[in-house]
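A.B. asks: Input query.csv, format and content: CSV, C-alpha atoms and all ligand atoms.
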chain,number,residue,atom,x,y,z
P,121,MET,CA,-83.6,-1.5,-66.7
P,122,THR,CA,-82.5,1.9,-67.8
P,123,LYS,CA,-85.5,4.3,-67.9
P,124,LEU,CA,-85.9,6.7,-70.9
P,125,GLN,CA,-86.5,10.4,-70.0
P,126,VAL,CA,-87.6,12.8,-72.7
P,127,ALA,CA,-86.3,16.4,-72.0
P,128,ILE,CA,-88.8,18.9,-73.4
P,129,ASP,CA,-86.9,22.1,-74.2
P,130,LEU,CA,-89.8,23.7,-76.0
P,131,LEU,CA,-91.2,27.0,-74.9
P,132,THR,CA,-95.0,26.7,-74.6
P,133,THR,CA,-97.3,24.4,-72.6
P,134,GLU,CA,-99.2,23.7,-75.8
P,135,ALA,CA,-96.1,22.5,-77.7
P,136,ALA,CA,-94.9,20.5,-74.7
P,137,LEU,CA,-98.2,18.7,-74.3
P,138,GLU,CA,-98.4,18.0,-78.0
P,139,LEU,CA,-94.9,16.4,-77.9
P,140,ALA,CA,-95.6,14.4,-74.7
P,141,GLU,CA,-98.8,13.0,-76.3
P,142,LYS,CA,-96.7,11.6,-79.2
P,143,VAL,CA,-93.9,10.1,-77.2
P,144,ALA,CA,-95.5,9.1,-73.9
P,145,PRO,CA,-95.9,5.4,-75.0
P,146,TYR,CA,-92.1,5.1,-75.2
P,147,VAL,CA,-90.8,7.1,-72.3
P,148,ASP,CA,-90.8,6.6,-68.5
P,149,ILE,CA,-90.1,10.1,-67.4
P,150,ILE,CA,-91.3,13.4,-68.9
P,151,GLU,CA,-88.9,16.3,-68.2
P,152,LEU,CA,-90.1,19.8,-68.4
P,153,GLY,CA,-86.9,21.7,-69.3
P,154,THR,CA,-85.7,24.8,-67.4
P,155,PRO,CA,-86.5,27.3,-70.2
P,156,LEU,CA,-90.0,25.8,-70.5
P,157,ILE,CA,-90.7,26.2,-66.8
P,158,LYS,CA,-89.2,29.8,-66.9
P,159,ALA,CA,-91.5,30.6,-69.8
P,160,GLU,CA,-94.7,29.1,-68.6
P,161,GLY,CA,-94.3,28.9,-64.8
P,162,LEU,CA,-95.5,26.1,-62.5
P,163,LYS,CA,-98.7,25.7,-64.4
P,164,VAL,CA,-96.9,23.7,-67.1
P,165,ILE,CA,-96.1,21.1,-64.4
P,166,THR,CA,-99.7,20.9,-63.4
P,167,ALA,CA,-100.9,20.6,-67.0
P,168,MET,CA,-98.4,17.8,-67.8
P,169,LYS,CA,-99.2,15.8,-64.7
P,170,ALA,CA,-102.9,16.1,-65.4
P,171,ALA,CA,-102.4,14.9,-69.0
P,172,HIS,CA,-100.0,12.0,-68.0
P,173,PRO,CA,-100.8,10.9,-64.4
P,174,ASN,CA,-99.1,7.6,-64.9
P,175,LYS,CA,-95.7,9.1,-66.0
P,176,LEU,CA,-93.1,10.5,-63.7
P,177,VAL,CA,-93.0,14.3,-64.3
P,178,PHE,CA,-89.5,15.7,-63.8
P,179,ALA,CA,-89.3,19.5,-63.2
P,180,ASP,CA,-85.9,20.6,-64.2
P,181,LEU,CA,-85.8,23.6,-61.8
P,182,LYS,CA,-82.0,23.6,-61.5
P,183,THR,CA,-82.5,25.1,-58.1
P,184,ALA,CA,-79.5,27.0,-56.7
P,185,ASP,CA,-80.9,28.4,-53.5
P,186,THR,CA,-84.0,28.1,-51.3
P,187,GLY,CA,-84.0,24.3,-52.0
P,188,ALA,CA,-86.9,23.4,-49.7
P,189,LEU,CA,-89.1,26.2,-51.0
P,190,GLU,CA,-88.6,25.7,-54.7
P,191,ALA,CA,-89.0,21.9,-54.4
P,192,GLU,CA,-92.2,22.3,-52.4
P,193,MET,CA,-93.6,24.6,-55.0
P,194,ALA,CA,-92.9,22.2,-57.8
P,195,PHE,CA,-94.2,19.1,-55.8
P,196,ASN,CA,-97.4,21.0,-55.0
P,197,ALA,CA,-97.8,21.7,-58.7
P,198,GLY,CA,-97.5,18.0,-59.5
P,199,ALA,CA,-93.9,17.2,-60.1
P,200,ASP,CA,-92.6,13.8,-59.0
P,201,LEU,CA,-88.9,14.8,-59.3
P,202,VAL,CA,-87.0,18.1,-59.2
P,203,THR,CA,-83.4,19.1,-59.9
P,204,VAL,CA,-81.1,21.0,-57.6
P,205,MET,CA,-77.6,22.0,-58.8
P,206,GLY,CA,-74.7,20.0,-57.4
P,207,ALA,CA,-72.4,22.9,-57.3
P,208,VAL,CA,-74.3,24.8,-54.7
P,209,ASP,CA,-74.3,24.6,-50.9
P,210,ASP,CA,-75.1,21.3,-49.3
P,211,ALA,CA,-77.9,23.0,-47.3
P,212,THR,CA,-79.8,23.7,-50.5
P,213,ILE,CA,-79.7,20.1,-51.6
P,214,ILE,CA,-80.6,18.8,-48.1
P,215,GLY,CA,-83.5,21.3,-47.9
P,216,ALA,CA,-84.9,20.0,-51.1
P,217,ILE,CA,-84.6,16.4,-49.9
P,218,GLU,CA,-86.5,17.3,-46.7
P,219,ALA,CA,-89.3,18.8,-48.8
P,220,ALA,CA,-89.3,15.7,-51.0
P,221,LYS,CA,-89.6,13.4,-47.9
P,222,LYS,CA,-92.6,15.4,-46.7
P,223,ALA,CA,-94.2,15.2,-50.1
P,224,GLY,CA,-93.3,11.6,-50.9
P,225,LYS,CA,-91.3,12.8,-53.9
P,226,LYS,CA,-87.7,12.7,-55.1
P,227,VAL,CA,-84.7,15.0,-55.8
P,228,VAL,CA,-82.1,14.7,-58.6
P,229,VAL,CA,-78.8,16.5,-58.4
P,230,ASP,CA,-77.6,18.1,-61.7
P,231,THR,CA,-73.8,18.2,-62.1
P,232,ILE,CA,-73.6,21.0,-64.7
P,233,GLY,CA,-70.5,23.0,-63.8
P,234,VAL,CA,-69.2,20.6,-61.1
P,235,LYS,CA,-65.5,20.1,-61.5
P,236,ASN,CA,-65.2,16.7,-59.9
P,237,ARG,CA,-68.5,15.0,-60.8
P,238,VAL,CA,-67.6,11.6,-59.4
P,239,GLN,CA,-66.7,12.9,-56.0
P,240,ARG,CA,-69.7,15.2,-55.8
P,241,ALA,CA,-72.0,12.4,-56.9
P,242,LYS,CA,-70.9,10.2,-54.0
P,243,GLU,CA,-71.4,13.1,-51.6
P,244,VAL,CA,-74.9,14.0,-52.6
P,245,THR,CA,-76.0,10.4,-52.9
P,246,ALA,CA,-75.2,10.0,-49.2
P,247,PHE,CA,-77.7,12.9,-48.5
P,248,GLY,CA,-80.5,10.8,-50.1
P,249,VAL,CA,-81.0,12.0,-53.7
P,250,GLU,CA,-82.8,9.7,-56.1
P,251,PHE,CA,-80.0,9.8,-58.7
P,252,VAL,CA,-77.3,12.1,-59.9
P,253,GLU,CA,-77.5,13.6,-63.4
P,254,PHE,CA,-74.2,13.5,-65.2
P,255,HIS,CA,-75.1,16.4,-67.4
P,256,ALA,CA,-73.5,18.6,-70.0
P,257,GLY,CA,-75.9,21.5,-70.7
P,258,LEU,CA,-76.7,22.8,-74.2
P,259,ASP,CA,-73.9,25.5,-73.9
P,260,GLU,CA,-71.2,23.0,-73.0
P,261,GLN,CA,-72.4,20.6,-75.7
P,262,ALA,CA,-71.9,23.4,-78.3
P,263,LEU,CA,-68.2,23.8,-77.4
P,264,PRO,CA,-65.7,22.3,-79.8
P,265,GLY,CA,-64.6,18.8,-79.0
P,266,TYR,CA,-67.6,17.9,-76.7
P,267,ASN,CA,-68.1,14.2,-76.4
P,268,VAL,CA,-70.8,12.5,-74.2
P,269,GLN,CA,-68.4,9.5,-73.6
P,270,LYS,CA,-66.6,11.4,-70.9
P,271,LEU,CA,-69.8,11.8,-68.9
P,272,ILE,CA,-70.7,8.2,-69.5
P,273,SER,CA,-67.4,6.9,-68.1
P,274,GLU,CA,-67.7,9.3,-65.1
P,275,GLY,CA,-71.1,8.0,-64.4
P,276,ARG,CA,-69.9,4.4,-64.4
P,277,GLU,CA,-66.9,5.3,-62.2
P,278,ALA,CA,-69.1,7.0,-59.5
P,279,GLN,CA,-70.9,3.8,-58.7
P,280,VAL,CA,-74.1,5.6,-57.6
P,281,PRO,CA,-77.5,5.7,-59.3
P,282,PHE,CA,-77.0,8.1,-62.2
P,283,SER,CA,-78.5,9.5,-65.4
P,284,ILE,CA,-76.7,10.8,-68.5
P,285,ALA,CA,-77.9,14.0,-70.2
P,286,GLY,CA,-76.1,15.9,-72.9
P,287,GLY,CA,-76.4,14.8,-76.4
P,288,VAL,CA,-77.8,11.3,-75.8
P,289,ASN,CA,-79.0,9.9,-79.2
P,290,ILE,CA,-79.5,6.7,-81.1
P,291,ASN,CA,-75.7,6.3,-81.6
P,292,THR,CA,-74.8,6.7,-77.9
P,293,ILE,CA,-77.8,5.3,-76.0
P,294,LYS,CA,-76.4,1.8,-75.9
P,295,ASP,CA,-73.2,3.1,-74.2
P,296,VAL,CA,-75.4,4.8,-71.6
P,297,VAL,CA,-77.2,1.5,-70.9
P,298,ALA,CA,-74.0,-0.5,-70.8
P,299,ALA,CA,-72.5,1.9,-68.2
P,300,GLY,CA,-75.4,1.0,-65.9
P,301,ALA,CA,-77.3,4.3,-66.0
P,302,ALA,CA,-80.6,4.4,-64.2
P,303,VAL,CA,-81.9,6.9,-66.7
P,304,ALA,CA,-81.0,8.0,-70.2
P,305,VAL,CA,-82.1,11.5,-71.0
P,306,ALA,CA,-82.8,12.5,-74.6
P,307,GLY,CA,-84.0,16.0,-75.6
P,308,GLY,CA,-83.0,17.2,-79.0
P,309,ALA,CA,-82.8,13.6,-80.3
P,310,ILE,CA,-86.5,13.4,-79.7
P,311,TYR,CA,-88.1,16.9,-80.0
P,312,GLY,CA,-85.7,17.8,-82.8
P,313,ALA,CA,-86.6,14.7,-84.9
P,314,GLU,CA,-88.8,14.9,-87.9
P,315,ASP,CA,-90.9,12.1,-86.3
P,316,PRO,CA,-90.5,12.4,-82.5
P,317,ALA,CA,-92.6,9.3,-81.8
P,318,ALA,CA,-90.5,7.2,-84.1
P,319,ALA,CA,-87.3,8.6,-82.5
P,320,ALA,CA,-88.5,7.9,-79.0
P,321,LYS,CA,-89.6,4.4,-80.0
P,322,ALA,CA,-86.1,3.7,-81.5
P,323,LEU,CA,-84.4,4.9,-78.3
P,324,LYS,CA,-86.7,2.7,-76.2
P,325,GLU,CA,-86.0,-0.3,-78.4
P,326,ALA,CA,-82.3,0.3,-78.2
P,327,ILE,CA,-82.6,0.2,-74.4
P,328,ILE,CA,-84.5,-3.0,-74.3
P,329,SER,CA,-82.7,-4.9,-77.1
P,401,LIG,O1,-81.4,20.0,-69.3
P,401,LIG,C1,-81.1,20.4,-70.4
P,401,LIG,C2,-80.6,21.7,-70.6
P,401,LIG,O2,-80.0,22.2,-69.5
P,401,LIG,C3,-81.7,22.7,-71.0
P,401,LIG,O3,-82.8,22.6,-70.2
P,401,LIG,C4,-81.4,19.5,-71.5
P,401,LIG,O4,-82.7,19.1,-71.5
P,401,LIG,C5,-80.5,18.2,-71.5
P,401,LIG,O5,-79.2,18.7,-71.7
P,401,LIG,C6,-80.8,17.2,-72.5
P,401,LIG,O6,-80.9,17.8,-73.7
P,401,LIG,P1,-80.2,17.1,-75.1
P,401,LIG,O7,-78.8,17.4,-75.0
P,401,LIG,O8,-80.9,17.9,-76.1
P,401,LIG,O9,-80.6,15.7,-75.1
I'd like the structure from this file rewritten - as C-alpha cells, please.
C.D. replies:
Amino acid sequence: MTKLQVAIDLLTTEAALELAEKVAPYVDIIELGTPLIKAEGLKVITAMKAAHPNKLVFADLKTADTGALEAEMAFNAGADLVTVMGAVDDATIIGAIEAAKKAGKKVVVDTIGVKNRVQRAKEVTAFGVEFVEFHAGLDEQALPGYNVQKLISEGREAQVPFSIAGGVNINTIKDVVAAGAAVAVAGGAIYGAEDPAAAAKALKEAIIS
C-alpha cells in the first residue's frame, strides 16, 4: 500500500515536533524538510526520532556532494532515510548508498532539476536506492501552469519504486495511489491546513479507501 509521508517545511524543532505529534497517527514517514534541517541542524533529526521511534524519519538533506559523509552524519543523528540529488555525479549517490548499507538505512534520490526523470530513475534504482522521488520543489510549483499530473505519469512510466512530491493534496492523492507510488508526500496540504490532524487523516483515508 502507498505510504503517506508528511513533509515538514517549518523552521523550528518545536514547531516540527508539535506538528508531528498531531499527525503521527496517520502518517508512515516523517520528513524533516531541507529548510528545517538548515535552520536547526542535525539535532532536529535526533529530536524527531526520539519523539517518534516507531516512525521512519526522512532527512531531506538534498545532498549534492560528499554523499557518504552527509548520509553518515544524518544516519548517526537518527535518520532512517536521506535524500541525494539525482542531478549530481553518480559517485555521490553511490557513496550515500554505501553509507546506508553500513548503517542499515536507506537512500532516496530526489529528481528536482533532472531533465529526463524516467531515465535517471532507472539508472539510480540500479545503484540500490530505496525509491526515487518524482519531485517538483516549491519554486517549480509556483511557476504558472504547474501540474502534478506530469510527475505522476512520469513516475508510472519509470516502473521503479517511486514517490510523488510537489503539491500532493486531497484532490490528487488518489491519482498518486492509482499510479502505483510507494509513497505520497504531502507538505503544505498538511502543515498549511487549519486542522493538520484532520488533513492527514483525510489523506490516509483516501489512500486506503
Ligand atoms: O521537499 C520539499 C521542498 O523541496 C522544500 O523542502 C517539499 O517538502 C515537497 O515539495 C513537498 O511539499 P508540498 O508541495 O508542500 O507538498
A.B. asks: Can you tell me, as an MDAnalysis selection string, what residues are no more than 12 Å from Leu258 in chain P when counting only C-alpha atoms, ignoring any on the same chain fewer than 2 positions away?
C.D. replies: chainID P and resid 127 129 153:155 232 255:256 260:263 266 268 285:288 306:308
A.B. asks: Go through P:Glu250, P:Asp230, P:Glu277, P:Glu138 one by one, measure the shortest atom-to-atom distance of each to ligand LIG 401 (chain P) using all atoms listed in the file, and give the residue with the smallest value.
C.D. replies: P:Asp230
A.B. asks: Closest to Asn236 in chain P among P:Val126, P:Leu271, P:Leu189, P:Ala194, using all atoms listed in the file?
C.D. replies: P:Leu271
A.B. asks: Find, counting all atoms listed in the file, the residue in P:Lys324, P:Arg237, P:Lys163, P:Lys175 that gets nearest to Glu151 in chain P.
C.D. replies: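 Closest candidate: P:Lys175.
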A.B. asks: Just how far from CA of Lys321 in chain P is CA of Ala171 in chain P, in Å to one decimal?
C.D. replies: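 Computed distance, CA of Ala171 in chain P to CA of Lys321 in chain P, equals 19.9 Å.
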A.B. asks: List the neighbours of Arg276 in chain P out to 10 Å using all atoms listed in the file; skip same-chain residues closer than 4 positions along the sequence, and give me the result as a list in words.
C.D. replies: Val238, Leu271, Ile272, Val280, Pro281, Phe282, Val296, Ala298, Ala299, Gly300 and Ala301 of chain P
A.B. asks: Just the selected residues (C-alpha atoms), exported as a CSV table (one decimal), keeping the file's coordinate frame, please.
C.D. replies:
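result.csv written:
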chain,number,residue,atom,x,y,z
P,238,VAL,CA,-67.6,11.6,-59.4
P,271,LEU,CA,-69.8,11.8,-68.9
P,272,ILE,CA,-70.7,8.2,-69.5
P,280,VAL,CA,-74.1,5.6,-57.6
P,281,PRO,CA,-77.5,5.7,-59.3
P,282,PHE,CA,-77.0,8.1,-62.2
P,296,VAL,CA,-75.4,4.8,-71.6
P,298,ALA,CA,-74.0,-0.5,-70.8
P,299,ALA,CA,-72.5,1.9,-68.2
P,300,GLY,CA,-75.4,1.0,-65.9
P,301,ALA,CA,-77.3,4.3,-66.0
A.B. asks: Identify which of the residues P:Asp148, P:Asp185, P:Asp180, P:Glu314 lies closest to ligand LIG 401 (chain P), counting all atoms listed in the file when measuring atom-to-atom distances.
C.D. replies: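 Among P:Asp148, P:Asp185, P:Asp180, P:Glu314, it is P:Asp180 that comes nearest to ligand LIG 401 (chain P).
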A.B. asks: With 6 Å on each side, where is the centre of the axis-aligned box around all listed atoms of ligand LIG 401 (chain P), and how long are its edges in Å to one decimal, as AutoDock Vina command-line options?
C.D. replies:
--center_x -80.8 --center_y 19.2 --center_z -72.7 --size_x 16.0 --size_y 19.0 --size_z 18.8
A.B. asks: So which residues touch Asn289 in chain P within 6 Å, counting all atoms listed in the file, skipping near sequence neighbours fewer than 3 positions away, as an MDAnalysis selection string?
C.D. replies: chainID P and resid 292:293 309
A.B. asks: Rank nothing, just name the residue among P:Ser273, P:Thr203, P:Val234, P:Ile128 nearest to ligand LIG 401 (chain P), using all atoms listed in the file.
C.D. replies: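 Looking at the shortest contact to ligand LIG 401 (chain P), the residue is P:Ile128.
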A.B. asks: Quick one: distance from atom O5 of ligand LIG 401 (chain P) to CA of Val244 in chain P in Å, one decimal?
C.D. replies: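 Going from atom O5 of ligand LIG 401 (chain P) over to CA of Val244 in chain P covers 20.1 Å.
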A.B. asks: Let me make sure I understand: among P:Asp259, P:Glu134, P:Glu218, P:Glu190, which one has the smallest atom-to-atom distance to ligand LIG 401 (chain P) if we use only C-alpha atoms and all ligand atoms?
C.D. replies: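 Closest to ligand LIG 401 (chain P) of all the choices is P:Asp259.
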A.B. asks: Which polymer residues, whether protein, DNA or RNA, lie within 12 Å of the coordinate (-99.4, 22.2, -66.3) when you count all atoms listed in the file? List them as JSON, numbers by chain, using the chain letters and numbers from the file.
C.D. replies: {"P": [132, 133, 134, 135, 136, 137, 152, 156, 157, 160, 161, 162, 163, 164, 165, 166, 167, 168, 169, 170, 171, 172, 173, 177, 179, 194, 196, 197, 198, 199]}
A.B. asks: Need the shell around Thr122 in chain P: protein/DNA/RNA residues with any atom at most 8 Å away, counting only C-alpha atoms. Skip same-chain ones fewer than 3 positions apart. Format as a list in words?
C.D. replies: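 These residues fall inside the cut-off: Val297, Gly300, Ala301, Ala302, Val303, Ala304 and Ile327 of chain P.
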A.B. asks: Can you tell me how far CA of Ala144 in chain P sits from CA of Asn291 in chain P, in Å to one decimal?
C.D. replies: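 Taking CA of Ala144 in chain P and CA of Asn291 in chain P, their separation equals 21.4 Å.
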